[in-house]
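> Hey, dropping my_file20.cif in here, mmCIF, C-alpha atoms and all ligand atoms:
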data_start
loop_
_atom_site.group_PDB
_atom_site.id
_atom_site.type_symbol
_atom_site.label_atom_id
_atom_site.label_comp_id
_atom_site.auth_asym_id
_atom_site.auth_seq_id
_atom_site.Cartn_x
_atom_site.Cartn_y
_atom_site.Cartn_z
ATOM 1 C CA MET C 1 121.864 108.619 118.885
ATOM 2 C CA SER C 2 123.213 111.093 116.307
ATOM 3 C CA ARG C 3 120.276 112.251 114.221
ATOM 4 C CA LEU C 4 120.504 112.837 110.463
ATOM 5 C CA PRO C 5 119.763 116.495 109.539
ATOM 6 C CA LEU C 6 117.261 116.392 106.675
ATOM 7 C CA ILE C 7 115.201 118.682 104.473
ATOM 8 C CA ILE C 8 112.159 117.110 102.799
ATOM 9 C CA ASP C 9 111.034 118.657 99.492
ATOM 10 C CA CYS C 10 107.667 117.324 98.384
ATOM 11 C CA ASP C 11 104.378 117.810 96.521
ATOM 12 C CA PRO C 12 101.794 116.079 98.781
ATOM 13 C CA GLY C 13 100.361 113.866 97.204
ATOM 14 C CA VAL C 14 99.265 110.700 98.930
ATOM 15 C CA ASP C 15 102.642 108.939 98.790
ATOM 16 C CA ASP C 16 104.409 112.134 99.888
ATOM 17 C CA ALA C 17 102.056 112.145 102.878
ATOM 18 C CA VAL C 18 103.031 108.604 103.859
ATOM 19 C CA ALA C 19 106.695 109.571 103.480
ATOM 20 C CA LEU C 20 106.196 112.600 105.761
ATOM 21 C CA LEU C 21 104.411 110.453 108.369
ATOM 22 C CA LEU C 22 107.303 107.964 108.288
ATOM 23 C CA ALA C 23 109.896 110.739 108.617
ATOM 24 C CA PHE C 24 108.026 112.557 111.397
ATOM 25 C CA ALA C 25 107.804 109.272 113.353
ATOM 26 C CA SER C 26 111.513 108.445 112.975
ATOM 27 C CA PRO C 27 113.710 109.820 115.796
ATOM 28 C CA GLU C 28 116.795 108.967 113.718
ATOM 29 C CA LEU C 29 115.935 111.952 111.489
ATOM 30 C CA GLU C 30 116.268 115.626 112.414
ATOM 31 C CA VAL C 31 113.728 117.097 109.977
ATOM 32 C CA LEU C 32 114.987 120.668 109.656
ATOM 33 C CA ALA C 33 112.204 121.774 107.320
ATOM 34 C CA VAL C 34 109.631 120.626 104.818
ATOM 35 C CA THR C 35 109.628 122.548 101.537
ATOM 36 C CA THR C 36 106.770 122.190 99.100
ATOM 37 C CA VAL C 37 106.466 122.530 95.338
ATOM 38 C CA ALA C 38 103.649 122.447 92.799
ATOM 39 C CA GLY C 39 103.389 118.979 91.328
ATOM 40 C CA ASN C 40 100.674 116.464 92.066
ATOM 41 C CA VAL C 41 98.378 119.410 92.775
ATOM 42 C CA PRO C 42 98.950 123.202 92.621
ATOM 43 C CA GLY C 43 101.481 124.738 94.991
ATOM 44 C CA HIS C 44 99.055 126.330 97.446
ATOM 45 C CA ARG C 45 97.499 122.895 98.028
ATOM 46 C CA THR C 46 100.809 121.034 98.414
ATOM 47 C CA GLN C 47 101.854 123.581 101.042
ATOM 48 C CA ARG C 48 98.548 123.264 102.909
ATOM 49 C CA ASN C 49 98.690 119.473 102.639
ATOM 50 C CA ALA C 50 102.185 119.342 104.130
ATOM 51 C CA ARG C 51 100.955 121.465 107.058
ATOM 52 C CA MET C 52 97.910 119.182 107.465
ATOM 53 C CA ILE C 53 100.127 116.083 107.666
ATOM 54 C CA ARG C 54 102.513 117.883 110.032
ATOM 55 C CA GLN C 55 99.562 118.632 112.358
ATOM 56 C CA ILE C 56 98.273 115.044 112.173
ATOM 57 C CA ALA C 57 101.772 113.860 113.092
ATOM 58 C CA GLY C 58 102.000 116.383 115.929
ATOM 59 C CA ARG C 59 105.169 117.904 114.488
ATOM 60 C CA GLU C 60 104.428 121.629 114.359
ATOM 61 C CA ASP C 61 108.061 122.071 115.476
ATOM 62 C CA VAL C 62 109.059 121.536 111.844
ATOM 63 C CA PRO C 63 108.755 124.638 109.606
ATOM 64 C CA VAL C 64 106.966 124.261 106.264
ATOM 65 C CA HIS C 65 108.092 126.590 103.467
ATOM 66 C CA GLY C 66 106.001 127.012 100.338
ATOM 67 C CA GLY C 67 107.953 126.955 97.094
ATOM 68 C CA ALA C 68 107.741 127.070 93.329
ATOM 69 C CA GLU C 69 104.253 127.316 91.862
ATOM 70 C CA ARG C 70 105.522 126.302 88.400
ATOM 71 C CA PRO C 71 108.485 124.552 86.754
ATOM 72 C CA LEU C 72 111.571 126.460 85.601
ATOM 73 C CA LYS C 73 110.437 126.616 81.985
ATOM 74 C CA ARG C 74 107.548 124.216 81.377
ATOM 75 C CA PRO C 75 103.877 124.977 82.146
ATOM 76 C CA PRO C 76 102.558 123.506 85.410
ATOM 77 C CA ALA C 77 101.436 119.856 85.198
ATOM 78 C CA HIS C 78 99.470 118.023 87.879
ATOM 79 C CA ALA C 79 98.469 114.422 88.684
ATOM 80 C CA GLY C 80 95.111 114.894 90.384
ATOM 81 C CA GLU C 81 93.728 111.601 89.084
ATOM 82 C CA PHE C 82 96.231 109.751 91.281
ATOM 83 C CA HIS C 83 95.977 111.992 94.350
ATOM 84 C CA GLY C 84 92.476 113.491 94.259
ATOM 85 C CA PRO C 85 91.676 117.141 93.526
ATOM 86 C CA GLU C 86 92.822 118.291 96.985
ATOM 87 C CA GLY C 87 95.937 116.095 96.822
ATOM 88 C CA LEU C 88 95.430 113.828 99.846
ATOM 89 C CA GLY C 89 93.004 111.332 98.398
ATOM 90 C CA ASP C 90 89.648 111.539 100.162
ATOM 91 C CA LEU C 91 91.033 113.084 103.346
ATOM 92 C CA GLN C 92 88.823 116.077 104.122
ATOM 93 C CA PRO C 93 90.906 119.277 103.917
ATOM 94 C CA PHE C 94 91.153 121.485 107.014
ATOM 95 C CA GLU C 95 93.003 124.728 107.707
ATOM 96 C CA PRO C 96 96.138 123.612 109.574
ATOM 97 C CA ALA C 97 97.062 125.425 112.776
ATOM 98 C CA GLY C 98 100.850 125.414 112.359
ATOM 99 C CA ILE C 99 102.874 128.359 111.062
ATOM 100 C CA ILE C 100 104.198 128.790 107.552
ATOM 101 C CA GLY C 101 107.990 129.085 107.461
ATOM 102 C CA ASP C 102 109.605 132.458 106.793
ATOM 103 C CA GLY C 103 110.544 132.884 103.148
ATOM 104 C CA PRO C 104 110.282 130.715 100.098
ATOM 105 C CA ALA C 105 111.534 127.161 99.865
ATOM 106 C CA ALA C 106 114.654 127.874 97.791
ATOM 107 C CA ASN C 107 115.886 130.431 100.324
ATOM 108 C CA ALA C 108 115.191 128.054 103.209
ATOM 109 C CA ILE C 109 117.191 125.287 101.509
ATOM 110 C CA VAL C 110 120.157 127.623 100.972
ATOM 111 C CA ASP C 111 120.051 129.013 104.510
ATOM 112 C CA LEU C 112 119.717 125.615 106.224
ATOM 113 C CA VAL C 113 122.487 123.951 104.200
ATOM 114 C CA MET C 114 124.992 126.818 104.173
ATOM 115 C CA LYS C 115 124.910 127.403 107.923
ATOM 116 C CA ARG C 116 125.976 123.828 108.678
ATOM 117 C CA PRO C 117 129.259 122.009 107.927
ATOM 118 C CA ALA C 118 129.690 120.667 104.394
ATOM 119 C CA GLY C 119 127.978 117.355 103.798
ATOM 120 C CA GLU C 120 125.888 117.455 106.966
ATOM 121 C CA VAL C 121 122.417 118.237 105.569
ATOM 122 C CA SER C 122 120.750 115.721 103.261
ATOM 123 C CA ILE C 123 117.630 116.435 101.236
ATOM 124 C CA ALA C 124 114.885 114.031 100.183
ATOM 125 C CA MET C 125 113.313 115.067 96.861
ATOM 126 C CA MET C 126 109.792 113.729 96.335
ATOM 127 C CA GLY C 127 108.397 116.020 93.628
ATOM 128 C CA PRO C 128 109.535 118.137 90.694
ATOM 129 C CA MET C 129 113.003 119.443 91.608
ATOM 130 C CA THR C 130 112.242 123.120 90.965
ATOM 131 C CA ASN C 131 113.001 124.367 94.501
ATOM 132 C CA LEU C 132 116.425 122.708 94.670
ATOM 133 C CA ALA C 133 117.319 123.915 91.180
ATOM 134 C CA LEU C 134 116.377 127.482 92.159
ATOM 135 C CA ALA C 135 118.411 127.131 95.357
ATOM 136 C CA MET C 136 121.441 125.937 93.358
ATOM 137 C CA LYS C 137 121.093 128.892 90.993
ATOM 138 C CA ARG C 138 120.907 131.265 93.972
ATOM 139 C CA GLU C 139 123.898 129.769 95.792
ATOM 140 C CA ARG C 140 126.566 128.329 93.492
ATOM 141 C CA ARG C 141 128.323 126.589 96.394
ATOM 142 C CA LEU C 142 125.204 124.668 97.434
ATOM 143 C CA ALA C 143 125.939 121.459 95.496
ATOM 144 C CA GLU C 144 129.323 120.994 97.173
ATOM 145 C CA ARG C 145 127.911 121.796 100.641
ATOM 146 C CA LEU C 146 124.931 119.432 100.435
ATOM 147 C CA GLY C 147 124.967 115.956 101.880
ATOM 148 C CA THR C 148 123.178 113.218 99.959
ATOM 149 C CA VAL C 149 120.359 114.247 97.605
ATOM 150 C CA VAL C 150 117.927 111.319 97.731
ATOM 151 C CA VAL C 151 115.620 111.580 94.732
ATOM 152 C CA MET C 152 112.396 109.764 94.040
ATOM 153 C CA GLY C 153 112.350 110.085 90.269
ATOM 154 C CA GLY C 154 113.430 108.778 86.936
ATOM 155 C CA ALA C 155 112.750 105.802 84.738
ATOM 156 C CA ARG C 156 115.083 103.271 83.119
ATOM 157 C CA SER C 157 114.268 99.578 82.750
ATOM 158 C CA GLU C 158 110.641 99.986 83.897
ATOM 159 C CA GLY C 159 109.850 102.717 81.385
ATOM 160 C CA GLY C 160 107.893 105.785 82.395
ATOM 161 C CA ASN C 161 104.622 106.387 84.247
ATOM 162 C CA VAL C 162 103.600 109.640 82.588
ATOM 163 C CA THR C 163 104.977 108.897 79.123
ATOM 164 C CA ALA C 164 106.603 105.774 77.690
ATOM 165 C CA SER C 165 110.011 107.050 78.760
ATOM 166 C CA ALA C 166 109.584 109.469 81.660
ATOM 167 C CA GLU C 167 108.581 109.423 85.315
ATOM 168 C CA PHE C 168 106.327 112.244 86.577
ATOM 169 C CA ASN C 169 108.693 114.171 88.893
ATOM 170 C CA VAL C 170 111.412 114.468 86.244
ATOM 171 C CA TRP C 171 108.919 114.923 83.379
ATOM 172 C CA ALA C 172 107.089 117.748 85.170
ATOM 173 C CA ASP C 173 110.269 119.837 85.421
ATOM 174 C CA PRO C 174 113.028 118.257 83.299
ATOM 175 C CA ASP C 175 115.067 121.467 83.323
ATOM 176 C CA ALA C 176 115.207 121.482 87.119
ATOM 177 C CA ALA C 177 116.160 117.803 87.158
ATOM 178 C CA ALA C 178 118.947 118.537 84.662
ATOM 179 C CA VAL C 179 120.276 121.279 86.953
ATOM 180 C CA VAL C 180 120.321 118.939 89.958
ATOM 181 C CA PHE C 181 121.817 115.925 88.174
ATOM 182 C CA GLY C 182 124.358 118.198 86.467
ATOM 183 C CA SER C 183 125.382 120.036 89.652
ATOM 184 C CA GLY C 184 127.993 117.585 90.880
ATOM 185 C CA CYS C 185 126.065 116.838 94.088
ATOM 186 C CA GLU C 186 125.881 113.258 95.331
ATOM 187 C CA VAL C 187 122.579 111.703 94.214
ATOM 188 C CA VAL C 188 120.900 108.464 95.271
ATOM 189 C CA CYS C 189 118.115 108.028 92.740
ATOM 190 C CA LEU C 190 115.156 105.788 93.559
ATOM 191 C CA GLY C 191 113.395 105.573 90.233
ATOM 192 C CA LEU C 192 110.551 103.410 89.053
ATOM 193 C CA ASP C 193 112.937 100.438 88.708
ATOM 194 C CA ALA C 194 112.922 100.363 92.512
ATOM 195 C CA THR C 195 109.606 101.899 93.564
ATOM 196 C CA HIS C 196 107.565 99.612 91.300
ATOM 197 C CA GLN C 197 108.917 96.749 93.439
ATOM 198 C CA VAL C 198 107.405 98.325 96.585
ATOM 199 C CA ARG C 199 103.688 97.735 96.345
ATOM 200 C CA ALA C 200 100.989 98.409 98.939
ATOM 201 C CA THR C 201 99.346 94.996 98.951
ATOM 202 C CA GLU C 202 96.161 94.264 100.894
ATOM 203 C CA ALA C 203 98.141 92.529 103.659
ATOM 204 C CA ARG C 204 100.558 95.453 104.003
ATOM 205 C CA ILE C 205 97.723 97.997 104.183
ATOM 206 C CA ARG C 206 95.876 95.903 106.769
ATOM 207 C CA ALA C 207 99.020 95.745 108.939
ATOM 208 C CA ILE C 208 98.989 99.547 109.117
ATOM 209 C CA GLU C 209 95.221 99.634 109.695
ATOM 210 C CA THR C 210 95.688 97.620 112.914
ATOM 211 C CA ILE C 211 97.588 100.574 114.460
ATOM 212 C CA ARG C 212 95.178 102.761 116.426
ATOM 213 C CA THR C 213 96.715 106.210 115.965
ATOM 214 C CA GLU C 214 95.746 109.140 113.754
ATOM 215 C CA PRO C 215 99.035 109.089 111.781
ATOM 216 C CA ALA C 216 98.604 105.366 111.054
ATOM 217 C CA ARG C 217 94.923 105.812 110.153
ATOM 218 C CA THR C 218 95.918 108.654 107.822
ATOM 219 C CA ALA C 219 98.669 106.607 106.178
ATOM 220 C CA ALA C 220 96.311 103.665 105.716
ATOM 221 C CA ALA C 221 93.633 105.941 104.224
ATOM 222 C CA MET C 222 96.178 107.264 101.708
ATOM 223 C CA LEU C 223 97.139 103.724 100.762
ATOM 224 C CA ARG C 224 93.481 102.661 100.430
ATOM 225 C CA PHE C 225 92.855 105.626 98.093
ATOM 226 C CA SER C 226 95.881 104.666 95.973
ATOM 227 C CA GLN C 227 94.675 101.061 95.928
ATOM 228 C CA ARG C 228 91.305 102.130 94.506
ATOM 229 C CA VAL C 229 92.949 104.359 91.886
ATOM 230 C CA GLU C 230 95.450 101.663 90.909
ATOM 231 C CA ARG C 231 92.647 99.140 90.393
ATOM 232 C CA THR C 232 90.327 101.499 88.480
ATOM 233 C CA VAL C 233 92.747 103.724 86.516
ATOM 234 C CA VAL C 234 95.800 101.500 86.011
ATOM 235 C CA GLY C 235 94.173 98.077 86.262
ATOM 236 C CA TRP C 236 96.737 96.715 88.693
ATOM 237 C CA GLU C 237 96.025 95.169 92.094
ATOM 238 C CA ALA C 238 98.487 97.047 94.355
ATOM 239 C CA ALA C 239 99.829 100.586 93.963
ATOM 240 C CA PRO C 240 103.589 101.302 94.023
ATOM 241 C CA LEU C 241 104.723 103.278 97.053
ATOM 242 C CA HIS C 242 107.158 105.808 95.598
ATOM 243 C CA ASP C 243 108.125 108.643 97.960
ATOM 244 C CA PRO C 244 108.513 106.716 101.256
ATOM 245 C CA CYS C 245 111.396 104.864 99.579
ATOM 246 C CA THR C 246 113.529 108.018 99.967
ATOM 247 C CA ILE C 247 112.992 108.042 103.739
ATOM 248 C CA ALA C 248 113.404 104.265 103.910
ATOM 249 C CA TRP C 249 116.802 104.559 102.182
ATOM 250 C CA LEU C 250 117.946 107.204 104.654
ATOM 251 C CA LEU C 251 116.877 105.013 107.580
ATOM 252 C CA ARG C 252 117.885 101.606 106.183
ATOM 253 C CA PRO C 253 120.136 101.877 103.114
ATOM 254 C CA ASP C 254 120.765 98.128 103.415
ATOM 255 C CA LEU C 255 117.239 97.541 102.102
ATOM 256 C CA PHE C 256 118.284 98.850 98.677
ATOM 257 C CA GLN C 257 120.717 97.719 95.953
ATOM 258 C CA LEU C 258 122.340 100.650 94.157
ATOM 259 C CA ARG C 259 124.625 100.877 91.121
ATOM 260 C CA PRO C 260 127.042 103.734 90.404
ATOM 261 C CA CYS C 261 126.049 105.604 87.261
ATOM 262 C CA ARG C 262 125.735 108.921 85.470
ATOM 263 C CA ILE C 263 122.195 110.270 85.062
ATOM 264 C CA GLU C 264 121.344 112.799 82.360
ATOM 265 C CA VAL C 265 117.922 114.206 81.488
ATOM 266 C CA GLU C 266 116.267 114.860 78.137
ATOM 267 C CA THR C 267 114.983 118.446 78.258
ATOM 268 C CA SER C 268 114.189 119.373 74.649
ATOM 269 C CA SER C 269 112.512 116.461 72.837
ATOM 270 C CA GLU C 270 108.717 116.482 73.254
ATOM 271 C CA LEU C 271 108.685 112.738 72.576
ATOM 272 C CA THR C 272 111.187 111.819 75.325
ATOM 273 C CA ARG C 273 111.011 114.908 77.570
ATOM 274 C CA GLY C 274 112.081 113.982 81.115
ATOM 275 C CA HIS C 275 113.702 110.685 80.138
ATOM 276 C CA THR C 276 116.536 109.806 82.520
ATOM 277 C CA ALA C 277 119.487 108.330 80.645
ATOM 278 C CA VAL C 278 121.078 106.144 83.363
ATOM 279 C CA GLU C 279 124.576 105.148 82.206
ATOM 280 C CA PHE C 280 126.204 102.374 84.267
ATOM 281 C CA ARG C 281 129.503 102.459 82.321
ATOM 282 C CA VAL C 282 131.205 104.813 84.782
ATOM 283 C CA ASP C 283 134.180 104.714 87.137
ATOM 284 C CA PRO C 284 132.656 103.635 90.475
ATOM 285 C CA ALA C 285 135.362 105.563 92.308
ATOM 286 C CA THR C 286 134.330 108.909 90.862
ATOM 287 C CA ALA C 287 130.644 108.437 89.991
ATOM 288 C CA ARG C 288 128.414 110.974 91.806
ATOM 289 C CA HIS C 289 125.110 109.224 91.051
ATOM 290 C CA ARG C 290 123.728 105.872 92.183
ATOM 291 C CA TRP C 291 120.606 104.227 90.747
ATOM 292 C CA ALA C 292 118.463 101.779 92.737
ATOM 293 C CA VAL C 293 118.051 98.437 90.979
ATOM 294 C CA GLY C 294 116.655 96.377 93.848
ATOM 295 C CA VAL C 295 114.780 96.783 97.128
ATOM 296 C CA ASP C 296 113.529 94.643 100.016
ATOM 297 C CA ALA C 297 109.866 95.670 99.850
ATOM 298 C CA ASP C 298 108.901 93.720 102.965
ATOM 299 C CA GLY C 299 111.671 95.549 104.796
ATOM 300 C CA VAL C 300 110.341 98.926 103.655
ATOM 301 C CA PHE C 301 106.811 98.152 104.855
ATOM 302 C CA ASP C 302 108.099 96.702 108.139
ATOM 303 C CA LEU C 303 109.948 100.005 108.609
ATOM 304 C CA ILE C 304 106.771 102.034 107.971
ATOM 305 C CA THR C 305 104.598 99.850 110.195
ATOM 306 C CA GLY C 306 107.215 99.852 112.936
ATOM 307 C CA ALA C 307 107.685 103.619 112.871
ATOM 308 C CA LEU C 308 103.921 104.216 113.033
ATOM 309 C CA THR C 309 103.489 101.777 115.958
ATOM 310 C CA PRO C 310 103.564 103.701 119.267
ATOM 311 C CA ALA C 311 106.453 102.818 121.588
ATOM 312 C CA GLU C 312 104.031 101.642 124.286
ATOM 313 C CA ASP C 313 102.715 99.069 121.805
ATOM 314 C CA GLY C 314 106.047 97.358 121.525
ATOM 315 C CA ARG C 315 107.667 99.286 118.743
HETATM 316 O O1 LIG C 401 106.194 109.220 89.727
HETATM 317 C C1 LIG C 401 105.904 109.168 91.100
HETATM 318 C C2 LIG C 401 106.121 110.512 91.722
HETATM 319 O O2 LIG C 401 105.235 111.459 91.134
HETATM 320 C C3 LIG C 401 105.785 110.536 93.235
HETATM 321 O O3 LIG C 401 106.605 111.477 93.866
HETATM 322 C C4 LIG C 401 104.355 110.996 93.265
HETATM 323 O O4 LIG C 401 104.023 111.687 94.472
HETATM 324 C C5 LIG C 401 104.334 111.965 92.113
HETATM 325 O O5 LIG C 401 104.830 113.212 92.605
HETATM 326 CA CA CA C 402 105.631 113.237 95.216
#
Take the structure in the file and give it back as structure tokens.


Amino acid sequence: MSRLPLIIDCDPGVDDAVALLLAFASPELEVLAVTTVAGNVPGHRTQRNARMIRQIAGREDVPVHGGAERPLKRPPAHAGEFHGPEGLGDLQPFEPAGIIGDGPAANAIVDLVMKRPAGEVSIAMMGPMTNLALAMKRERRLAERLGTVVVMGGARSEGGNVTASAEFNVWADPDAAAVVFGSGCEVVCLGLDATHQVRATEARIRAIETIRTEPARTAAAMLRFSQRVERTVVGWEAAPLHDPCTIAWLLRPDLFQLRPCRIEVETSSELTRGHTAVEFRVDPATARHRWAVGVDADGVFDLITGALTPAEDGR
């Protein structure tokens, strides 16, 4: 099996954690590195959290590089009410054993992409896009050398989740998002129009709770925490599962319906900061962006449950 070389940039975060557990359990992916960014919680916690999840998954072979502590221009913004003050719900923090990767995230992204053939290394973006924007500023050839940039971010038909018109990852660092979307790289964008269709229902959480491994127990605990927050803070029954959709697309793109488009980001207006203007009136032959309009949610959860089920249990 040829494995897909992948960098994961994230701000763990409970849904980032589930995405990491899915990726670490998927032999189809060659996870070259995890890079972390301030977002859901401050940067030192997202880096520690990524190392905690790596240890739980038994994947200390994967380097974790800490990255940007703040957006390119905007002040730091966090989402602790949805992820808990430590960032991983009610999972008790511990000091992870694994090493911290040499050098900051942006440098690691540049080094890993530039030393491989053009188009070979994809990157899954699950937080504010500060690290990738910094990497693109450092290495002007990066955008043309990258493979697919799979972004969890953006809002169109669904409206926003942090303001009426903006989704958190793009809102937190709209300037970085504008750099990435304006770079000419190929982007598959899984915004709220897709991720709001992928909800962790009671039945889906229970299916993961039947798996007797620490990664599955950890994933289920993250989903239970999100379920409680969704019911108490948002008033909805089942929480959307955002970040694992990036990994699910890489593993099973057939589970998603995409439309060619051009995505631009509002960076100056305070009212609509971080809004993603998704324009479908483009030439499909030359469009560099695709926006997810549909998803097989059962398929995504079957993928997660299957990946977390040990081989000896019939996976
Ligand atoms: O809007 C959802 C996104 O913001 C997810 O990546 C979640 O982890 C938060 O970072
Ligand atoms: Ca995230």

> Which residue out of C:Phe168, C:Phe82, C:Trp249, C:Phe94 has the minimum interatomic distance to ligand LIG 401 (chain C) when only C-alpha atoms and all ligand atoms are used?

C:Phe168

> Env of C:Asp15: 9 Å cut, atoms = all atoms listed in the file, seq-sep filter 3 positions within chain, self excluded. Answer as a ChimeraX atom specification.

/C:12,18-20,83,88,126,219,222-223,226,241-244

> Keeping only C-alpha atoms, write the selected residues as a PDB file, in the coordinates of the input.


ATOM      1  CA  PRO C  12     101.794 116.079  98.781  1.00  0.00           C
ATOM      2  CA  VAL C  18     103.031 108.604 103.859  1.00  0.00           C
ATOM      3  CA  ALA C  19     106.695 109.571 103.480  1.00  0.00           C
ATOM      4  CA  LEU C  20     106.196 112.600 105.761  1.00  0.00           C
ATOM      5  CA  HIS C  83      95.977 111.992  94.350  1.00  0.00           C
ATOM      6  CA  LEU C  88      95.430 113.828  99.846  1.00  0.00           C
ATOM      7  CA  MET C 126     109.792 113.729  96.335  1.00  0.00           C
ATOM      8  CA  ALA C 219      98.669 106.607 106.178  1.00  0.00           C
ATOM      9  CA  MET C 222      96.178 107.264 101.708  1.00  0.00           C
ATOM     10  CA  LEU C 223      97.139 103.724 100.762  1.00  0.00           C
ATOM     11  CA  SER C 226      95.881 104.666  95.973  1.00  0.00           C
ATOM     12  CA  LEU C 241     104.723 103.278  97.053  1.00  0.00           C
ATOM     13  CA  HIS C 242     107.158 105.808  95.598  1.00  0.00           C
ATOM     14  CA  ASP C 243     108.125 108.643  97.960  1.00  0.00           C
ATOM     15  CA  PRO C 244     108.513 106.716 101.256  1.00  0.00           C
TER      16      PRO C 244
END

> Show me which residues line ligand CA 402 (chain C), defined as having an atom within 10 Å of a ligand atom where all atoms listed in the file count, and present them as a ChimeraX atom specification.

/C:9-17,19,36-41,46,79,83,125-128,152-153,168-169,242-244

> Any idea what the distance is between atom CA of C:Phe24 and atom CA of C:Pro71?

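Calculated distance between atom CA of C:Phe24 and atom CA of C:Pro71 is 27.4 Å.
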
> How big is the axis-aligned box around the listed atoms of ligand LIG 401 (chain C) once 4 Å is added on each side, and where is its centre? Give both in Å to one decimal, as AutoDock Vina command-line options.


--center_x 105.3 --center_y 111.2 --center_z 92.1 --size_x 10.6 --size_y 12.0 --size_z 12.7

> For a cutoff of 8 Å around the file-coordinate point (125.8, 118.5, 103.7), which residues qualify once you count all atoms listed in the file? I'd like the result as a list in words.

Val113, Arg116, Pro117, Ala118, Gly119, Glu120, Val121, Ser122, Glu144, Arg145, Leu146, Gly147 and Thr148 of chain C

> Between atom CA of C:Asp111 and atom CA of C:Ala57, what distance in Å does the model show, to one decimal?

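Between atom CA of C:Asp111 and atom CA of C:Ala57 the gap works out to 25.2 Å.
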
> Can you turn the PyMOL selection byres (((chain C and resi 102) around 10) and not hetatm) into a concrete residue list for this file, as a list of chain:residue names?

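Taken over the shown coordinates, the PyMOL selection byres (((chain C and resi 102) around 10) and not hetatm) returns C:Pro63, C:Val64, C:His65, C:Gly66, C:Ile99, C:Ile100, C:Gly101, C:Gly103, C:Pro104, C:Ala105, C:Asn107, C:Ala108.
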
> When you look at C:Pro284 with a cut-off of 10 Å (counting all atoms listed in the file), what residues show up, excluding the ones that are within fewer than 6 positions of it in the same chain? I need them as a VMD selection string.

chain C and resid 259 to 261 290

> Using atom CA of C:Ile263 and atom CA of C:Gly191 as the two end points, give the distance in Å to one decimal.

11.2 Å

> Written as a PyMOL selection string, which residues does the PyMOL selection byres (((chain C and resi 195) around 9) and not hetatm) give for the file shown?

chain C and resi 152+190-194+196-199+240-243+245+292+294-295+297

> Find, counting all atoms listed in the file, the residue in C:Leu134, C:Ala221, C:Leu91, C:Ala33 that gets nearest to C:Met52.

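The answer is C:Leu91, which sits nearest to C:Met52.
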